[in-house]
Amino acid sequence: MPMGRTLVLSLAFMTLWIGLAVADWNILNQRKRNVFGASLKNYCESWRINVELNNIKEFDVVPQECIEYIGKYMTSTQYKADIERAIEESSLYLSSCCSLNGNGKDSWIFDVDDTLLSTVPYFKRHNFGGEKLNITSLEGWMREAKAPALEHTLRLFDEIKSRGIKIFLISSRRECLRDATVDNLIKVGYHGWTSLILRGLNDEYKQVHNYKAEARKQLVNEGNDIWGIVGDQWSSFDGSPSARRTFKLPNSLYYVS
Ligand SMILES: *[C@@H]1O[C@H](CO)[C@@H](O)[C@H](O)[C@H]1NC(C)=O
């Protein structure tokens, strides 16, 4: 075979191979972008943010394709930083807002789960919200009273207490979990709240946002002045009466309406 022809043929082969290789790269990159890379991350972050904005309501489970992303976020330093920032804003508000009445009626409200105590260890073992919530199993875990504190909220709790403001805890936990809840709270450093309000038998048929608004109404009727609420669910602020300010902590594991 003459040299010239061999060269042409080899060049042709080389071009073909390079062409295939480039095509391969493109397919790979595209897969990466659509399934594993930037765009899935973008999709899941935007799902998460829209949960926080209360645009996405009443989701039953975290979308399958975002379980890994939500798991990473809820166990990340970013989640901790987001909590810390919300708590700092509450603290800032507290230091400048309030001409406190000083009559023993100044009040503040906290949620319990994922506000004072973290359920992340439970959801870590249950697919980070990617499977339908099993109340029996969650309540079993709550009964063990092993939930860790959210350390930044604990600091705010103590700061509020030291200002002579009464603290009310309004939780969607059921009344039968009272002992375990008190045990758990005390064990991780919370003490000195005025009242822990839990869902009684009559409240179990109400939607949580109604139950919580009624609990606040009762507090206001008793003459309490509610300066602020810290909670991880929108149902902790919804309805009337509310408070002068509300502070939402992030939570994309579950939605309570
Ligand atoms: C829910 O959890 C309980 C206690 O762990 C378990 O016995 C039950 O089978 C679970 N139910 C479902 C539907 O998975």
# chains A, B, ... in the order shown; residues from 1 in each chain; ligands from 1

call {"tool": "residues_around", "arguments": {"residues": "Lys161 in chain A", "least_positions_apart": "2", "cutoff": "10 Å", "atoms": "only C-alpha atoms", "output": "list in words"}}
result
Ser107, Trp108, Arg155, Leu156, Phe157, Asp158, Glu159, Arg163, Gly164, Ile165, Lys166, Ile167, His191, Gly192, Trp193 and Thr194 of chain A

call {"tool": "residues_around", "arguments": {"residues": "range 54-64 of chain A", "least_positions_apart": "6", "cutoff": "6 Å", "atoms": "only C-alpha atoms", "output": "ChimeraX atom specification"}}
result
/A:129-132,255

call {"tool": "residues_around", "arguments": {"residues": "range 121-128 of chain A", "least_positions_apart": "4", "cutoff": "12 Å", "atoms": "only C-alpha atoms", "output": "MDAnalysis selection string"}}
result
chainID A and resid 61:75 113:114 117 132:135 137:142 144:149 251:254

call {"tool": "write_last_selection", "arguments": {"atoms": "N, CA and C atoms", "output": "short mmCIF file (atom, residue, chain, number, x, y, z; two decimals), in the first residue's frame"}}
result
data_model
loop_
_atom_site.label_atom_id
_atom_site.label_comp_id
_atom_site.auth_asym_id
_atom_site.auth_seq_id
_atom_site.Cartn_x
_atom_site.Cartn_y
_atom_site.Cartn_z
N VAL A 61 -44.28 13.34 51.15
CA VAL A 61 -42.91 12.81 51.20
C VAL A 61 -41.99 13.73 50.39
N VAL A 62 -40.73 13.70 50.75
CA VAL A 62 -39.72 14.40 49.96
C VAL A 62 -39.63 13.69 48.61
N PRO A 63 -39.59 14.44 47.49
CA PRO A 63 -39.50 13.78 46.18
C PRO A 63 -38.30 12.81 46.14
N GLN A 64 -38.56 11.64 45.59
CA GLN A 64 -37.56 10.57 45.55
C GLN A 64 -36.19 11.05 45.10
N GLU A 65 -36.18 11.87 44.02
CA GLU A 65 -34.89 12.27 43.45
C GLU A 65 -34.16 13.29 44.32
N CYS A 66 -34.83 13.82 45.35
CA CYS A 66 -34.19 14.83 46.20
C CYS A 66 -33.84 14.32 47.60
N ILE A 67 -34.12 13.05 47.86
CA ILE A 67 -33.86 12.52 49.21
C ILE A 67 -32.39 12.73 49.61
N GLU A 68 -31.50 12.38 48.67
CA GLU A 68 -30.08 12.50 48.98
C GLU A 68 -29.70 13.96 49.26
N TYR A 69 -30.25 14.86 48.44
CA TYR A 69 -29.95 16.28 48.59
C TYR A 69 -30.47 16.82 49.93
N ILE A 70 -31.71 16.49 50.25
CA ILE A 70 -32.32 16.97 51.49
C ILE A 70 -31.58 16.38 52.70
N GLY A 71 -31.21 15.10 52.59
CA GLY A 71 -30.43 14.46 53.65
C GLY A 71 -29.12 15.20 53.88
N LYS A 72 -28.46 15.54 52.79
CA LYS A 72 -27.19 16.28 52.90
C LYS A 72 -27.42 17.63 53.55
N TYR A 73 -28.47 18.33 53.11
CA TYR A 73 -28.72 19.67 53.66
C TYR A 73 -29.03 19.60 55.17
N MET A 74 -29.92 18.68 55.54
CA MET A 74 -30.38 18.63 56.93
C MET A 74 -29.28 18.18 57.90
N THR A 75 -28.18 17.62 57.36
CA THR A 75 -27.08 17.22 58.23
C THR A 75 -25.84 18.09 57.97
N ASP A 113 -40.58 20.23 68.27
CA ASP A 113 -39.78 19.44 67.32
C ASP A 113 -39.16 20.30 66.24
N ASP A 114 -37.87 20.10 66.06
CA ASP A 114 -37.05 20.81 65.07
C ASP A 114 -37.03 22.32 65.29
N LEU A 117 -35.94 20.67 69.97
CA LEU A 117 -35.36 19.33 69.86
C LEU A 117 -35.27 18.94 68.38
N LYS A 132 -43.36 7.68 53.58
CA LYS A 132 -44.53 8.23 54.26
C LYS A 132 -44.35 8.13 55.77
N LEU A 133 -44.70 9.20 56.46
CA LEU A 133 -44.48 9.28 57.90
C LEU A 133 -45.31 8.22 58.62
N ASN A 134 -44.63 7.43 59.46
CA ASN A 134 -45.30 6.44 60.29
C ASN A 134 -45.35 7.00 61.72
N ILE A 135 -46.52 7.50 62.11
CA ILE A 135 -46.66 8.19 63.39
C ILE A 135 -46.31 7.26 64.56
N SER A 137 -44.25 4.82 64.68
CA SER A 137 -42.81 4.66 64.81
C SER A 137 -42.15 5.96 65.28
N LEU A 138 -42.62 7.11 64.79
CA LEU A 138 -42.06 8.40 65.23
C LEU A 138 -42.34 8.62 66.73
N GLU A 139 -43.57 8.31 67.16
CA GLU A 139 -43.91 8.50 68.58
C GLU A 139 -43.11 7.53 69.45
N GLY A 140 -42.85 6.34 68.92
CA GLY A 140 -42.00 5.38 69.64
C GLY A 140 -40.62 5.98 69.89
N TRP A 141 -40.11 6.63 68.87
CA TRP A 141 -38.79 7.27 68.99
C TRP A 141 -38.84 8.45 69.98
N MET A 142 -39.94 9.21 69.93
CA MET A 142 -40.07 10.35 70.85
C MET A 142 -40.13 9.87 72.31
N GLU A 144 -38.55 7.51 73.58
CA GLU A 144 -37.20 7.21 74.07
C GLU A 144 -36.51 8.45 74.63
N ALA A 145 -37.06 9.64 74.32
CA ALA A 145 -36.55 10.90 74.87
C ALA A 145 -35.06 11.12 74.60
N LYS A 146 -34.64 10.79 73.39
CA LYS A 146 -33.22 10.90 73.06
C LYS A 146 -32.92 12.00 72.04
N ALA A 147 -33.91 12.83 71.75
CA ALA A 147 -33.68 13.86 70.73
C ALA A 147 -32.67 14.89 71.24
N PRO A 148 -31.68 15.23 70.43
CA PRO A 148 -30.72 16.26 70.85
C PRO A 148 -31.32 17.67 70.76
N ALA A 149 -30.73 18.59 71.48
CA ALA A 149 -31.18 19.99 71.43
C ALA A 149 -30.67 20.66 70.16
N ASN A 251 -36.97 23.57 57.64
CA ASN A 251 -37.27 22.15 57.83
C ASN A 251 -37.89 21.63 56.53
N SER A 252 -37.16 20.79 55.81
CA SER A 252 -37.71 20.23 54.58
C SER A 252 -37.92 18.72 54.71
N LEU A 253 -38.02 18.22 55.94
CA LEU A 253 -38.23 16.78 56.14
C LEU A 253 -39.71 16.41 56.10
N TYR A 254 -40.56 17.30 56.61
CA TYR A 254 -42.00 17.01 56.67
C TYR A 254 -42.80 18.31 56.75
#

call {"tool": "closest_residue", "arguments": {"among": "A:Tyr43, A:Leu94, A:Ser118, A:Thr181", "to": "Pro250 in chain A", "atoms": "only C-alpha atoms"}}
result
A:Ser118

call {"tool": "closest_residue", "arguments": {"among": "A:Trp234, A:Glu214, A:Ile160, A:Glu52", "to": "Ser95 in chain A", "atoms": "only C-alpha atoms"}}
result
A:Ile160

call {"tool": "select_by_dssp", "arguments": {"residues": "range 21-245 of chain A", "states": "alpha helix (DSSP H)", "output": "VMD selection string"}}
result
chain A and resid 21 to 31 38 to 52 67 to 74 77 to 97 120 to 124 135 to 143 151 to 162 178 to 187 208 to 221

call {"tool": "atom_distance", "arguments": {"atom1": "CA of Asn224 in chain A", "atom2": "CA of Asp106 in chain A"}}
result
6.2 Å

call {"tool": "atom_distance", "arguments": {"atom1": "CA of Val208 in chain A", "atom2": "CA of Arg85 in chain A"}}
result
26.4 Å

call {"tool": "atom_distance", "arguments": {"atom1": "CA of Gln78 in chain A", "atom2": "CA of Ser96 in chain A"}}
result
27.2 Å

call {"tool": "select_by_dssp", "arguments": {"residues": "range 117-192 of chain A", "states": "strand (DSSP E)", "output": "list in words"}}
result
Lys166, Ile167, Phe168, Leu169, Ile170, Ser171, Ser172, Arg173 and Arg174 of chain A

call {"tool": "closest_residue", "arguments": {"among": "A:Val120, A:Tyr211, A:Leu100, A:Asp232", "to": "Ser76 in chain A", "atoms": "only C-alpha atoms"}}
result
A:Val120

call {"tool": "closest_residue", "arguments": {"among": "A:Arg143, A:Ala215, A:Ile226, A:Gln233", "to": "Arg178 in chain A", "atoms": "only C-alpha atoms"}}
result
A:Arg143

call {"tool": "residues_around", "arguments": {"residues": "Gly228 in chain A", "least_positions_apart": "5", "cutoff": "10 Å", "atoms": "only C-alpha atoms", "output": "compact mmCIF listing (two decimals) with C-alpha atoms, in the first residue's frame"}}
result
# COMPACT_ATOMS: atom_id res chain seq x y z
CA SER A 90 -34.68 36.75 66.92
CA TYR A 93 -35.21 41.79 67.59
CA LEU A 94 -35.42 40.96 71.27
CA ASP A 106 -44.53 39.29 78.48
CA SER A 107 -44.46 36.01 76.59
CA TRP A 108 -42.65 34.09 73.89
CA ILE A 109 -43.70 30.89 72.11
CA PHE A 110 -41.56 28.01 70.86
CA PHE A 237 -47.77 31.15 62.90
CA SER A 242 -50.38 35.82 66.04
CA ALA A 243 -47.36 37.56 67.54
CA ARG A 244 -45.50 40.79 66.76
CA ARG A 245 -42.77 38.81 65.03
CA THR A 246 -42.39 35.22 63.88
CA PHE A 247 -39.16 33.42 63.08

call {"tool": "closest_residue", "arguments": {"among": "A:Thr136, A:Asn103, A:Ser240, A:Gln218", "to": "ligand 1", "atoms": "only C-alpha atoms and all ligand atoms"}}
result
A:Thr136

call {"tool": "closest_residue", "arguments": {"among": "A:Gly231, A:Ser46, A:Leu150, A:Gly223", "to": "Val188 in chain A", "atoms": "only C-alpha atoms"}}
result
A:Leu150

call {"tool": "residues_around", "arguments": {"residues": "Leu201 in chain A", "least_positions_apart": "5", "cutoff": "10 Å", "atoms": "only C-alpha atoms", "output": "PyMOL selection string"}}
result
chain A and resi 174-176+206

call {"tool": "write_last_selection", "arguments": {"atoms": "C-alpha atoms", "output": "PDB file, in the first residue's frame"}}
result
ATOM      1  CA  ARG A 174     -49.951  14.376  71.740  1.00  0.00           C
ATOM      2  CA  GLU A 175     -50.693  14.654  75.447  1.00  0.00           C
ATOM      3  CA  CYS A 176     -49.641  11.008  75.989  1.00  0.00           C
ATOM      4  CA  LYS A 206     -58.311  19.614  64.562  1.00  0.00           C
TER       5      LYS A 206
END
